[in-house]
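Structure data follow from query20.cif (mmCIF, C-alpha atoms and all ligand atoms):
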data_target
loop_
_atom_site.group_PDB
_atom_site.id
_atom_site.type_symbol
_atom_site.label_atom_id
_atom_site.label_comp_id
_atom_site.auth_asym_id
_atom_site.auth_seq_id
_atom_site.Cartn_x
_atom_site.Cartn_y
_atom_site.Cartn_z
ATOM 1 C CA MET Z 1 0.000 0.000 0.000
ATOM 2 C CA LYS Z 2 1.362 3.401 -0.957
ATOM 3 C CA PHE Z 3 -1.526 5.828 -0.555
ATOM 4 C CA CYS Z 4 -4.323 6.357 1.933
ATOM 5 C CA SER Z 5 -7.701 5.209 0.593
ATOM 6 C CA GLN Z 6 -9.402 7.820 2.795
ATOM 7 C CA CYS Z 7 -7.542 10.977 1.753
ATOM 8 C CA GLY Z 8 -5.047 10.014 -0.954
ATOM 9 C CA ASN Z 9 -1.898 11.059 0.911
ATOM 10 C CA PRO Z 10 1.094 8.697 1.180
ATOM 11 C CA VAL Z 11 1.011 6.162 4.009
ATOM 12 C CA ILE Z 12 3.916 5.025 6.183
ATOM 13 C CA GLN Z 13 4.466 1.810 8.077
ATOM 14 C CA ARG Z 14 4.614 2.019 11.854
ATOM 15 C CA ILE Z 15 3.284 0.313 14.953
ATOM 16 C CA PRO Z 16 0.313 2.319 16.245
ATOM 17 C CA GLU Z 17 0.141 3.065 19.950
ATOM 18 C CA GLY Z 18 -1.314 0.108 21.825
ATOM 19 C CA ASP Z 19 -0.699 -2.207 18.853
ATOM 20 C CA SER Z 20 2.038 -4.777 18.333
ATOM 21 C CA ARG Z 21 2.275 -4.993 14.545
ATOM 22 C CA LEU Z 22 3.454 -2.806 11.727
ATOM 23 C CA ARG Z 23 0.483 -1.148 10.005
ATOM 24 C CA TYR Z 24 0.037 1.219 7.115
ATOM 25 C CA VAL Z 25 -0.823 4.523 8.746
ATOM 26 C CA CYS Z 26 -1.824 7.816 7.136
ATOM 27 C CA GLU Z 27 -0.029 10.725 8.761
ATOM 28 C CA GLN Z 28 -2.525 13.193 7.318
ATOM 29 C CA CYS Z 29 -5.874 11.764 8.436
ATOM 30 C CA HIS Z 30 -4.446 9.224 10.942
ATOM 31 C CA THR Z 31 -6.372 6.301 9.462
ATOM 32 C CA VAL Z 32 -4.820 2.943 10.350
ATOM 33 C CA HIS Z 33 -5.213 0.586 7.379
ATOM 34 C CA TYR Z 34 -5.594 -2.888 8.891
ATOM 35 C CA GLN Z 35 -4.970 -5.808 6.574
ATOM 36 C CA ASN Z 36 -6.555 -9.142 7.436
ATOM 37 C CA PRO Z 37 -6.802 -12.607 5.883
ATOM 38 C CA ASN Z 38 -9.145 -13.286 2.980
ATOM 39 C CA ILE Z 39 -11.609 -16.150 2.992
ATOM 40 C CA VAL Z 40 -11.847 -18.459 -0.014
ATOM 41 C CA ALA Z 41 -15.084 -20.460 -0.071
ATOM 42 C CA GLY Z 42 -15.928 -23.394 -2.282
ATOM 43 C CA CYS Z 43 -17.789 -26.651 -2.693
ATOM 44 C CA LEU Z 44 -17.026 -30.307 -3.089
ATOM 45 C CA VAL Z 45 -19.960 -31.186 -5.334
ATOM 46 C CA THR Z 46 -20.964 -34.817 -5.688
ATOM 47 C CA VAL Z 47 -23.157 -36.644 -8.178
ATOM 48 C CA GLY Z 48 -23.512 -40.246 -7.076
ATOM 49 C CA ASP Z 49 -19.958 -41.528 -6.666
ATOM 50 C CA GLN Z 50 -18.474 -38.741 -8.737
ATOM 51 C CA VAL Z 51 -16.948 -35.398 -7.811
ATOM 52 C CA LEU Z 52 -17.209 -32.236 -9.873
ATOM 53 C CA LEU Z 53 -13.982 -30.471 -10.833
ATOM 54 C CA CYS Z 54 -13.386 -27.313 -12.850
ATOM 55 C CA ARG Z 55 -10.374 -26.689 -15.073
ATOM 56 C CA ARG Z 56 -9.271 -23.132 -14.476
ATOM 57 C CA ALA Z 57 -9.486 -20.598 -17.307
ATOM 58 C CA ILE Z 58 -7.729 -17.921 -15.260
ATOM 59 C CA GLU Z 59 -4.455 -17.400 -13.434
ATOM 60 C CA PRO Z 60 -3.187 -18.467 -11.023
ATOM 61 C CA ARG Z 61 -2.906 -22.125 -12.017
ATOM 62 C CA LEU Z 62 -4.573 -21.745 -15.401
ATOM 63 C CA GLY Z 63 -5.343 -25.143 -16.899
ATOM 64 C CA TYR Z 64 -5.256 -26.970 -13.574
ATOM 65 C CA TRP Z 65 -8.232 -28.639 -11.920
ATOM 66 C CA THR Z 66 -9.938 -27.255 -8.853
ATOM 67 C CA LEU Z 67 -13.053 -27.475 -6.768
ATOM 68 C CA PRO Z 68 -15.247 -24.460 -7.550
ATOM 69 C CA ALA Z 69 -14.126 -21.787 -5.074
ATOM 70 C CA GLY Z 70 -13.277 -18.144 -4.799
ATOM 71 C CA PHE Z 71 -12.992 -15.090 -2.611
ATOM 72 C CA MET Z 72 -15.875 -14.239 -0.332
ATOM 73 C CA GLU Z 73 -17.501 -10.865 -1.038
ATOM 74 C CA ASN Z 74 -18.569 -8.292 1.522
ATOM 75 C CA GLY Z 75 -22.172 -8.693 2.605
ATOM 76 C CA GLU Z 76 -22.461 -12.428 2.075
ATOM 77 C CA THR Z 77 -22.104 -15.457 4.333
ATOM 78 C CA VAL Z 78 -19.416 -18.072 3.753
ATOM 79 C CA GLU Z 79 -22.078 -20.495 2.585
ATOM 80 C CA GLN Z 80 -23.519 -17.958 0.151
ATOM 81 C CA ALA Z 81 -20.028 -17.359 -1.201
ATOM 82 C CA ALA Z 82 -19.482 -21.079 -1.733
ATOM 83 C CA ARG Z 83 -22.816 -21.407 -3.567
ATOM 84 C CA ARG Z 84 -22.178 -18.316 -5.687
ATOM 85 C CA GLU Z 85 -18.720 -19.469 -6.715
ATOM 86 C CA THR Z 86 -20.142 -22.858 -7.705
ATOM 87 C CA VAL Z 87 -22.766 -21.171 -9.875
ATOM 88 C CA GLU Z 88 -20.174 -18.848 -11.430
ATOM 89 C CA GLU Z 89 -17.543 -21.494 -12.173
ATOM 90 C CA ALA Z 90 -19.660 -24.571 -12.808
ATOM 91 C CA CYS Z 91 -23.185 -23.263 -13.478
ATOM 92 C CA ALA Z 92 -24.247 -25.748 -10.817
ATOM 93 C CA GLU Z 93 -27.098 -25.391 -8.336
ATOM 94 C CA LEU Z 94 -26.695 -27.295 -5.099
ATOM 95 C CA GLU Z 95 -28.783 -29.027 -2.498
ATOM 96 C CA GLU Z 96 -28.020 -28.542 1.202
ATOM 97 C CA LEU Z 97 -24.445 -27.532 2.014
ATOM 98 C CA HIS Z 98 -22.454 -29.185 4.808
ATOM 99 C CA LEU Z 99 -19.330 -27.546 6.197
ATOM 100 C CA TYR Z 100 -16.489 -29.936 5.456
ATOM 101 C CA SER Z 101 -12.963 -28.521 5.530
ATOM 102 C CA LEU Z 102 -11.421 -25.391 6.954
ATOM 103 C CA ILE Z 103 -7.777 -24.929 6.049
ATOM 104 C CA ASP Z 104 -5.646 -22.032 7.238
ATOM 105 C CA VAL Z 105 -3.070 -20.860 4.717
ATOM 106 C CA PRO Z 106 -1.223 -18.251 6.783
ATOM 107 C CA HIS Z 107 1.740 -17.775 4.448
ATOM 108 C CA ILE Z 108 -0.617 -16.175 1.908
ATOM 109 C CA ASN Z 109 -3.055 -14.737 4.471
ATOM 110 C CA GLN Z 110 -6.000 -16.876 3.428
ATOM 111 C CA VAL Z 111 -8.498 -19.261 4.981
ATOM 112 C CA HIS Z 112 -10.024 -21.842 2.637
ATOM 113 C CA VAL Z 113 -13.458 -23.227 3.525
ATOM 114 C CA PHE Z 114 -15.114 -26.053 1.592
ATOM 115 C CA TYR Z 115 -18.634 -27.415 1.875
ATOM 116 C CA ARG Z 116 -19.935 -30.776 0.729
ATOM 117 C CA ALA Z 117 -23.052 -30.644 -1.403
ATOM 118 C CA ARG Z 118 -24.983 -32.737 -3.869
ATOM 119 C CA LEU Z 119 -25.723 -31.323 -7.269
ATOM 120 C CA SER Z 120 -29.332 -30.252 -7.531
ATOM 121 C CA GLY Z 121 -30.685 -31.789 -10.722
ATOM 122 C CA THR Z 122 -28.306 -32.760 -13.490
ATOM 123 C CA GLN Z 123 -27.190 -29.466 -14.972
ATOM 124 C CA PHE Z 124 -23.666 -28.072 -14.906
ATOM 125 C CA ALA Z 125 -21.409 -26.352 -17.405
ATOM 126 C CA ALA Z 126 -18.219 -24.346 -17.616
ATOM 127 C CA GLY Z 127 -18.668 -20.827 -16.290
ATOM 128 C CA ILE Z 128 -16.572 -17.951 -17.550
ATOM 129 C CA GLU Z 129 -13.656 -18.775 -15.214
ATOM 130 C CA SER Z 130 -13.563 -22.436 -16.245
ATOM 131 C CA LEU Z 131 -12.242 -24.114 -19.393
ATOM 132 C CA GLU Z 132 -14.296 -27.206 -18.669
ATOM 133 C CA VAL Z 133 -16.240 -28.816 -15.874
ATOM 134 C CA GLN Z 134 -16.295 -32.550 -15.480
ATOM 135 C CA LEU Z 135 -17.385 -35.318 -13.106
ATOM 136 C CA PHE Z 136 -14.634 -37.645 -11.926
ATOM 137 C CA ASP Z 137 -14.614 -41.063 -10.325
ATOM 138 C CA GLU Z 138 -12.106 -41.386 -7.507
ATOM 139 C CA ALA Z 139 -9.837 -43.482 -9.746
ATOM 140 C CA ASP Z 140 -9.730 -40.757 -12.387
ATOM 141 C CA ILE Z 141 -9.005 -37.708 -10.221
ATOM 142 C CA PRO Z 142 -6.122 -35.817 -11.900
ATOM 143 C CA TRP Z 143 -4.054 -35.638 -8.709
ATOM 144 C CA SER Z 144 -0.951 -34.294 -10.456
ATOM 145 C CA GLU Z 145 -2.960 -31.530 -12.132
ATOM 146 C CA LEU Z 146 -4.796 -30.119 -9.137
ATOM 147 C CA ALA Z 147 -4.535 -26.365 -8.787
ATOM 148 C CA PHE Z 148 -4.198 -26.002 -5.028
ATOM 149 C CA MET Z 149 -3.019 -28.008 -2.039
ATOM 150 C CA THR Z 150 -6.209 -27.195 -0.135
ATOM 151 C CA VAL Z 151 -8.235 -28.792 -2.945
ATOM 152 C CA ARG Z 152 -6.042 -31.862 -2.805
ATOM 153 C CA ARG Z 153 -6.355 -32.142 0.939
ATOM 154 C CA THR Z 154 -10.130 -31.743 0.853
ATOM 155 C CA LEU Z 155 -10.477 -34.439 -1.805
ATOM 156 C CA GLU Z 156 -8.204 -36.792 0.151
ATOM 157 C CA CYS Z 157 -10.325 -36.312 3.267
ATOM 158 C CA TYR Z 158 -13.459 -36.936 1.272
ATOM 159 C CA PHE Z 159 -12.390 -40.205 -0.297
ATOM 160 C CA ALA Z 160 -11.074 -41.460 3.057
ATOM 161 C CA ASP Z 161 -14.312 -40.488 4.819
ATOM 162 C CA ARG Z 162 -16.425 -42.055 2.122
ATOM 163 C CA GLN Z 163 -15.018 -45.467 2.997
ATOM 164 C CA ARG Z 164 -16.665 -45.138 6.406
ATOM 165 C CA GLN Z 165 -19.612 -42.976 5.320
ATOM 166 C CA VAL Z 166 -18.751 -40.490 8.063
ATOM 167 C CA TYR Z 167 -17.961 -36.881 7.169
ATOM 168 C CA PRO Z 168 -16.639 -34.883 10.104
ATOM 169 C CA VAL Z 169 -15.407 -31.315 9.656
ATOM 170 C CA HIS Z 170 -11.666 -31.294 8.967
ATOM 171 C CA THR Z 171 -9.535 -28.408 10.175
ATOM 172 C CA SER Z 172 -5.864 -28.041 9.349
ATOM 173 C CA ALA Z 173 -3.220 -25.589 8.259
ATOM 174 C CA LEU Z 174 -0.768 -25.270 5.396
ATOM 175 C CA PRO Z 175 2.089 -25.634 4.916
ATOM 176 C CA PRO Z 176 1.957 -28.869 6.877
ATOM 177 C CA SER Z 177 3.907 -28.785 10.125
ATOM 178 C CA ARG Z 178 4.582 -32.504 9.863
ATOM 179 C CA PRO Z 179 5.097 -34.863 6.938
ATOM 180 C CA THR Z 180 1.863 -35.910 5.272
ATOM 181 C CA LEU Z 181 0.919 -38.276 2.530
ATOM 182 C CA ASP Z 182 0.134 -35.445 0.166
ATOM 183 C CA THR Z 183 3.683 -34.186 -0.313
HETATM 184 ZN ZN ZN O 201 -5.395 9.597 4.978
#
For the structure just supplied, provide its representation as structure tokens.
Amino acid sequence: MKFCSQCGNPVIQRIPEGDSRLRYVCEQCHTVHYQNPNIVAGCLVTVGDQVLLCRRAIEPRLGYWTLPAGFMENGETVEQAARRETVEEACAELEELHLYSLIDVPHINQVHVFYRARLSGTQFAAGIESLEVQLFDEADIPWSELAFMTVRRTLECYFADRQRQVYPVHTSALPPSRPTLDT
């Protein structure tokens, strides 16, 4: 950040009184510009035994496969964001959503939240941010072409849980603090 969004004057970095972190501060209007993590919300959409993946038409990770997901907007709930992103990227309407994975990604200041949901009806198609949208059996998941580690982790949890037909909420953080199978 270079300029104050309140008054347009240059900002400096300093630790405000009573604070413990460097912040962008405007010396003209004294606004402290706090910067906080962004939430990415998405859905693991199932149709029978298959999972819906989108091949990204945009950077980052253009051409790689992902669960439909994107940044939450102001004024919406996490669940609304997950539904909206699924409509935008996969033109897919969903039945009831179930919170499934919450993954902190502190090195890029993000929190990724995925819901499980069944496709409502049979319709889906590539939205403007997707090159194609496709249903995959577990055996055909393109593991080496997944766009994001949080997508990989969520899919791994899902296929493991499906063996037992129990789907608890999974919370974790990246990068992994201990060796995992997904490295
Ligand atoms: Zn200012």
Resolved residues for the PyMOL selection byres (((chain Z and resi 38) around 8) and not hetatm) as a list in words | Asn36, Pro37, Ile39, Val40, Phe71, Met72, Asn109, Gln110 and Val111 of chain Z
Neighbours of range 93-107 of chain Z within 6 Å (only C-alpha atoms; same-chain residues fewer than 6 positions away dropped), as a PyMOL selection string?
-> chain Z and resi 113-120+169-174
Could you please take those selected residues and save C-alpha atoms as a tab-separated table (two decimals), in the coordinates of the input?
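File produced: result_1.tsv:
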chain	number	residue	atom	x	y	z
Z	113	VAL	CA	-13.46	-23.23	3.52
Z	114	PHE	CA	-15.11	-26.05	1.59
Z	115	TYR	CA	-18.63	-27.42	1.88
Z	116	ARG	CA	-19.93	-30.78	0.73
Z	117	ALA	CA	-23.05	-30.64	-1.40
Z	118	ARG	CA	-24.98	-32.74	-3.87
Z	119	LEU	CA	-25.72	-31.32	-7.27
Z	120	SER	CA	-29.33	-30.25	-7.53
Z	169	VAL	CA	-15.41	-31.32	9.66
Z	170	HIS	CA	-11.67	-31.29	8.97
Z	171	THR	CA	-9.54	-28.41	10.18
Z	172	SER	CA	-5.86	-28.04	9.35
Z	173	ALA	CA	-3.22	-25.59	8.26
Z	174	LEU	CA	-0.77	-25.27	5.40
Residues within 12 Å of ligand ZN 201 (chain O), counting all atoms listed in the file: report them as a list in words.
->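 Selection of residues at most 12 Å from ligand ZN 201 (chain O): Lys2, Phe3, Cys4, Ser5, Gln6, Cys7, Gly8, Asn9, Pro10, Val11, Ile12, Tyr24, Val25, Cys26, Glu27, Gln28, Cys29, His30, Thr31, Val32 and His33 of chain Z.
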Of the candidates Z:Cys54, Z:Asp137, Z:Gly42, Z:Val47, which shows the shortest atom-to-atom distance to Gln123 in chain Z, using all atoms listed in the file?
->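 Closest to Gln123 in chain Z of all the choices is Z:Val47.
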Go through the shown structure with the PyMOL selection byres (((chain Z and resi 142) around 10) and not hetatm) and write out the matching residues as a PyMOL selection string.
-> chain Z and resi 53+64-66+136+138-141+143-146+152
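Straight-line separation from CA of Gln134 in chain Z to CA of Gly63 in chain Z: 13.3 Å.
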Proximity to Glu156 in chain Z - best of Z:Val133, Z:Glu76, Z:Val51, Z:Arg83, only C-alpha atoms =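 For Glu156 in chain Z, the nearest of the candidates is Z:Val51.
In this comparison, which uses all atoms listed in the file, the residue of Z:Phe159, Z:Tyr34, Z:Phe124, Z:Phe148 approaching Ile15 in chain Z most closely is Z:Tyr34.
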One-decimal distance in Å that lies between CA of Leu67 in chain Z and CA of Ala41 in chain Z =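 Interatomic distance, CA of Ala41 in chain Z to CA of Leu67 in chain Z: 9.9 Å.
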How many Å lie between CA of Arg153 in chain Z and CA of Gly121 in chain Z, rounded to one decimal?
->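 Distance reported for this atom pair: 27.0 Å.
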For Leu44 in chain Z, the nearest of the candidates Z:Pro175, Z:Pro68, Z:Pro16, Z:Gly75, counting all atoms listed in the file |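 Comparing Z:Pro175, Z:Pro68, Z:Pro16, Z:Gly75 against Leu44 in chain Z, the winner is Z:Pro68.
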Please complete range 25-53 of chain Z so it has N, CA and C atoms, and hand it over as a PDB file, keeping the file's coordinate frame.
ATOM      1  N   VAL Z  25      -0.161   3.441   8.029  1.00  0.00           N
ATOM      2  CA  VAL Z  25      -0.823   4.523   8.746  1.00  0.00           C
ATOM      3  C   VAL Z  25      -0.727   5.798   7.919  1.00  0.00           C
ATOM      4  N   CYS Z  26      -1.831   6.539   7.837  1.00  0.00           N
ATOM      5  CA  CYS Z  26      -1.824   7.816   7.136  1.00  0.00           C
ATOM      6  C   CYS Z  26      -1.488   8.921   8.139  1.00  0.00           C
ATOM      7  N   GLU Z  27      -0.432   9.665   7.826  1.00  0.00           N
ATOM      8  CA  GLU Z  27      -0.029  10.725   8.761  1.00  0.00           C
ATOM      9  C   GLU Z  27      -0.889  11.977   8.612  1.00  0.00           C
ATOM     10  N   GLN Z  28      -1.639  12.042   7.514  1.00  0.00           N
ATOM     11  CA  GLN Z  28      -2.525  13.193   7.318  1.00  0.00           C
ATOM     12  C   GLN Z  28      -3.837  13.034   8.084  1.00  0.00           C
ATOM     13  N   CYS Z  29      -4.550  11.924   7.816  1.00  0.00           N
ATOM     14  CA  CYS Z  29      -5.874  11.764   8.436  1.00  0.00           C
ATOM     15  C   CYS Z  29      -5.849  10.736   9.573  1.00  0.00           C
ATOM     16  N   HIS Z  30      -4.674  10.135   9.807  1.00  0.00           N
ATOM     17  CA  HIS Z  30      -4.446   9.224  10.942  1.00  0.00           C
ATOM     18  C   HIS Z  30      -5.218   7.905  10.831  1.00  0.00           C
ATOM     19  N   THR Z  31      -5.717   7.603   9.641  1.00  0.00           N
ATOM     20  CA  THR Z  31      -6.372   6.301   9.462  1.00  0.00           C
ATOM     21  C   THR Z  31      -5.332   5.187   9.543  1.00  0.00           C
ATOM     22  N   VAL Z  32      -5.648   4.149  10.312  1.00  0.00           N
ATOM     23  CA  VAL Z  32      -4.820   2.943  10.350  1.00  0.00           C
ATOM     24  C   VAL Z  32      -5.445   1.944   9.384  1.00  0.00           C
ATOM     25  N   HIS Z  33      -4.672   1.496   8.390  1.00  0.00           N
ATOM     26  CA  HIS Z  33      -5.213   0.586   7.379  1.00  0.00           C
ATOM     27  C   HIS Z  33      -4.877  -0.856   7.765  1.00  0.00           C
ATOM     28  N   TYR Z  34      -5.801  -1.503   8.474  1.00  0.00           N
ATOM     29  CA  TYR Z  34      -5.594  -2.888   8.891  1.00  0.00           C
ATOM     30  C   TYR Z  34      -5.725  -3.801   7.680  1.00  0.00           C
ATOM     31  N   GLN Z  35      -4.875  -4.808   7.638  1.00  0.00           N
ATOM     32  CA  GLN Z  35      -4.970  -5.808   6.574  1.00  0.00           C
ATOM     33  C   GLN Z  35      -5.158  -7.165   7.233  1.00  0.00           C
ATOM     34  N   ASN Z  36      -6.176  -7.890   6.791  1.00  0.00           N
ATOM     35  CA  ASN Z  36      -6.555  -9.142   7.436  1.00  0.00           C
ATOM     36  C   ASN Z  36      -6.703 -10.241   6.396  1.00  0.00           C
ATOM     37  N   PRO Z  37      -6.715 -11.506   6.843  1.00  0.00           N
ATOM     38  CA  PRO Z  37      -6.802 -12.607   5.883  1.00  0.00           C
ATOM     39  C   PRO Z  37      -8.078 -12.569   5.048  1.00  0.00           C
ATOM     40  N   ASN Z  38      -7.985 -13.123   3.858  1.00  0.00           N
ATOM     41  CA  ASN Z  38      -9.145 -13.286   2.980  1.00  0.00           C
ATOM     42  C   ASN Z  38      -9.672 -14.713   3.080  1.00  0.00           C
ATOM     43  N   ILE Z  39     -10.976 -14.835   2.954  1.00  0.00           N
ATOM     44  CA  ILE Z  39     -11.609 -16.150   2.992  1.00  0.00           C
ATOM     45  C   ILE Z  39     -11.945 -16.602   1.578  1.00  0.00           C
ATOM     46  N   VAL Z  40     -11.495 -17.813   1.248  1.00  0.00           N
ATOM     47  CA  VAL Z  40     -11.847 -18.459  -0.014  1.00  0.00           C
ATOM     48  C   VAL Z  40     -12.862 -19.543   0.308  1.00  0.00           C
ATOM     49  N   ALA Z  41     -14.016 -19.500  -0.350  1.00  0.00           N
ATOM     50  CA  ALA Z  41     -15.084 -20.460  -0.071  1.00  0.00           C
ATOM     51  C   ALA Z  41     -15.397 -21.261  -1.319  1.00  0.00           C
ATOM     52  N   GLY Z  42     -15.633 -22.552  -1.126  1.00  0.00           N
ATOM     53  CA  GLY Z  42     -15.928 -23.394  -2.282  1.00  0.00           C
ATOM     54  C   GLY Z  42     -16.707 -24.629  -1.901  1.00  0.00           C
ATOM     55  N   CYS Z  43     -16.960 -25.466  -2.899  1.00  0.00           N
ATOM     56  CA  CYS Z  43     -17.789 -26.651  -2.693  1.00  0.00           C
ATOM     57  C   CYS Z  43     -17.174 -27.896  -3.298  1.00  0.00           C
ATOM     58  N   LEU Z  44     -17.315 -28.984  -2.558  1.00  0.00           N
ATOM     59  CA  LEU Z  44     -17.026 -30.307  -3.089  1.00  0.00           C
ATOM     60  C   LEU Z  44     -18.382 -30.864  -3.500  1.00  0.00           C
ATOM     61  N   VAL Z  45     -18.645 -30.820  -4.803  1.00  0.00           N
ATOM     62  CA  VAL Z  45     -19.960 -31.186  -5.334  1.00  0.00           C
ATOM     63  C   VAL Z  45     -19.932 -32.646  -5.775  1.00  0.00           C
ATOM     64  N   THR Z  46     -20.921 -33.415  -5.310  1.00  0.00           N
ATOM     65  CA  THR Z  46     -20.964 -34.817  -5.688  1.00  0.00           C
ATOM     66  C   THR Z  46     -22.223 -35.127  -6.501  1.00  0.00           C
ATOM     67  N   VAL Z  47     -22.046 -36.074  -7.411  1.00  0.00           N
ATOM     68  CA  VAL Z  47     -23.157 -36.644  -8.178  1.00  0.00           C
ATOM     69  C   VAL Z  47     -22.957 -38.154  -8.114  1.00  0.00           C
ATOM     70  N   GLY Z  48     -23.760 -38.817  -7.288  1.00  0.00           N
ATOM     71  CA  GLY Z  48     -23.512 -40.246  -7.076  1.00  0.00           C
ATOM     72  C   GLY Z  48     -22.133 -40.441  -6.496  1.00  0.00           C
ATOM     73  N   ASP Z  49     -21.317 -41.277  -7.144  1.00  0.00           N
ATOM     74  CA  ASP Z  49     -19.958 -41.528  -6.666  1.00  0.00           C
ATOM     75  C   ASP Z  49     -18.944 -40.554  -7.245  1.00  0.00           C
ATOM     76  N   GLN Z  50     -19.406 -39.611  -8.037  1.00  0.00           N
ATOM     77  CA  GLN Z  50     -18.474 -38.741  -8.737  1.00  0.00           C
ATOM     78  C   GLN Z  50     -18.384 -37.364  -8.100  1.00  0.00           C
ATOM     79  N   VAL Z  51     -17.230 -36.728  -8.350  1.00  0.00           N
ATOM     80  CA  VAL Z  51     -16.948 -35.398  -7.811  1.00  0.00           C
ATOM     81  C   VAL Z  51     -16.751 -34.431  -8.973  1.00  0.00           C
ATOM     82  N   LEU Z  52     -17.270 -33.232  -8.805  1.00  0.00           N
ATOM     83  CA  LEU Z  52     -17.209 -32.236  -9.873  1.00  0.00           C
ATOM     84  C   LEU Z  52     -15.939 -31.384  -9.729  1.00  0.00           C
ATOM     85  N   LEU Z  53     -15.174 -31.320 -10.802  1.00  0.00           N
ATOM     86  CA  LEU Z  53     -13.982 -30.471 -10.833  1.00  0.00           C
ATOM     87  C   LEU Z  53     -14.064 -29.499 -12.005  1.00  0.00           C
TER      88      LEU Z  53
END
